[in-house]
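K.L.:
I have a structure here, written as structure tokens, and I will follow up with some questions on it.
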Amino acid sequence: LVGQQYLLRDVQLRNVASGADMNSLVQVADTATLRGDLRAGVDLTLRSTEDSIDAANRGALQDGIRIGSGSVINALPGANVTLESKGGGIDFGGSIIAKGGDVKLDVAPTLTSFDPTLAVRLRDGSLIDVGATVVDGAQNGAGIPDREFHDAGSVSISAMAGYVLAENGASVTADGLATEIRYFDTRSNTIVSDSVNLAGGGIALTASEGILFNGDLSAKAAGVDGRAGSLDVNMT
């Protein structure tokens, strides 16, 4: 998920300054993708509701949200991705890559009657990755890029009226990262490096009926003195 910006053309700026009549933004600007460190992450929310679906079509509500195997949601660092279903379960078989961001999968139906099929299901081969990352920006005169650091984000998986189920081969990752920062030391007149250990993130599993998790959960620390993440498991 990459946002684009309008970049004004120099010649058109002169035309605008001179009072020329411009009727559309496309007359004075081009769309362009900015360098990674200049782009803000674009959040994504997918929501399934049961509004306007009557009781006679109750079976249709079971569809909820389905992300098939091979599907990939790849967000910029720091972006948030939410899958929220109020009209059925969430069947997740793809990948969400949102380094340093927050990912939420939530089944919270508005119906009051119990439905034993409601669940967040993570299929074999599915991946949610909010691990720590680094974004390199423009280089200075010494050839050293500015660096933007992102600690690992968080993953929240909840089924407030059902189950959280993960098959063997499913993976949720919020690992820290060992990296470095480089700078020019005027005292020694050399480029030196210092280690930077980005923290692990948080993983939370919440369900009202049960949690059966056969997949992998990871929020590891990085480096010798890195900070590990956390795991919260709650039955409501």
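How things are named: the first chain in the structure tokens is A, the next is B, and so on; residues count from 1 in each chain; ligands count from 1 in the order shown.
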Could you list, with a cut-off of 8 Å and counting only C-alpha atoms, the residues of range 184-230 of chain A near range 153-176 of chain A, each shown with its nearest atom pair and the distance in Å rounded to one decimal, rows sorted by chain and ascending number, as a tab-separated table?
P.N.:
residue	atom	partner	partner_atom	distance
A:Asn197	CA	A:Gly176	CA	7.2
A:Leu198	CA	A:Gly176	CA	5.2
A:Ala199	CA	A:Gly176	CA	4.6
A:Gly200	CA	A:Gly176	CA	3.9
A:Gly201	CA	A:Gly153	CA	4.9
A:Gly202	CA	A:Ser154	CA	4.6
A:Ile203	CA	A:Val155	CA	4.8
A:Ala204	CA	A:Ser156	CA	4.8
A:Leu205	CA	A:Ile157	CA	5.0
A:Thr206	CA	A:Ser158	CA	4.5
A:Ala207	CA	A:Ala159	CA	4.6
A:Ser208	CA	A:Met160	CA	5.3
A:Glu209	CA	A:Gly162	CA	5.1
A:Gly210	CA	A:Tyr163	CA	4.9
A:Ile211	CA	A:Val164	CA	4.8
A:Leu212	CA	A:Leu165	CA	4.9
A:Phe213	CA	A:Ala166	CA	4.6
A:Asn214	CA	A:Asn168	CA	4.8
A:Gly215	CA	A:Ala170	CA	4.5
A:Asp216	CA	A:Ser171	CA	4.7
A:Leu217	CA	A:Val172	CA	5.0
A:Ser218	CA	A:Thr173	CA	4.8
A:Ala219	CA	A:Asp175	CA	4.3
A:Lys220	CA	A:Asp175	CA	4.7
A:Ala221	CA	A:Gly176	CA	5.1
A:Ala222	CA	A:Gly176	CA	5.1
A:Gly226	CA	A:Gly176	CA	7.5
A:Arg227	CA	A:Gly176	CA	7.5
A:Ala228	CA	A:Gly176	CA	6.9
A:Gly229	CA	A:Ala174	CA	7.2
K.L.:
Identify, on the basis of only C-alpha atoms, every residue whose closest approach to Gly89 in chain A does not exceed 7 Å; exclude the query and any residue fewer than 2 positions from it along the same chain; express the result as a tab-separated table (two decimals) with N, CA and C atoms, in the first residue's frame.
P.N.:
chain	number	residue	atom	x	y	z
A	62	GLN	N	-21.94	-16.42	7.11
A	62	GLN	CA	-20.76	-17.19	7.46
A	62	GLN	C	-19.55	-16.81	6.60
A	63	ASP	N	-19.77	-16.15	5.48
A	63	ASP	CA	-18.66	-15.78	4.62
A	63	ASP	C	-17.71	-14.80	5.32
A	64	GLY	N	-18.25	-13.78	5.96
A	64	GLY	CA	-17.42	-12.82	6.65
A	64	GLY	C	-16.33	-12.28	5.74
A	65	ILE	N	-15.07	-12.42	6.16
A	65	ILE	CA	-13.92	-11.99	5.37
A	65	ILE	C	-13.05	-13.20	5.07
A	85	SER	N	-14.92	-8.21	11.19
A	85	SER	CA	-16.14	-8.84	10.70
A	85	SER	C	-17.21	-8.84	11.77
A	91	ASP	N	-11.50	-15.88	7.68
A	91	ASP	CA	-10.73	-17.03	7.20
A	91	ASP	C	-9.50	-16.47	6.49
A	107	VAL	N	-13.35	-10.60	15.11
A	107	VAL	CA	-14.70	-11.08	14.86
A	107	VAL	C	-15.56	-10.64	16.04
A	118	LEU	N	-18.40	-19.33	14.34
A	118	LEU	CA	-17.67	-18.07	14.29
A	118	LEU	C	-16.25	-18.24	14.82
A	119	ALA	N	-15.29	-17.75	14.04
A	119	ALA	CA	-13.90	-17.89	14.45
A	119	ALA	C	-13.02	-17.01	13.58
A	120	VAL	N	-11.85	-16.70	14.11
A	120	VAL	CA	-10.74	-16.23	13.29
A	120	VAL	C	-9.87	-17.44	13.01
K.L.:
Could you check how far CA of Val42 in chain A sits from CA of Gly94 in chain A, in Å to one decimal?
P.N.:
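Going from CA of Val42 in chain A over to CA of Gly94 in chain A covers 19.2 Å.
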K.L.:
Taking only C-alpha atoms into account, name the residue in A:Val130, A:Ile181, A:Ala108, A:Val72 that is nearest to Glu148 in chain A.
P.N.:
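Comparing A:Val130, A:Ile181, A:Ala108, A:Val72 against Glu148 in chain A, the winner is A:Ile181.
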K.L.:
Just how far from CA of Asp102 in chain A is CA of Val233 in chain A, in Å to one decimal?
P.N.:
17.2 Å
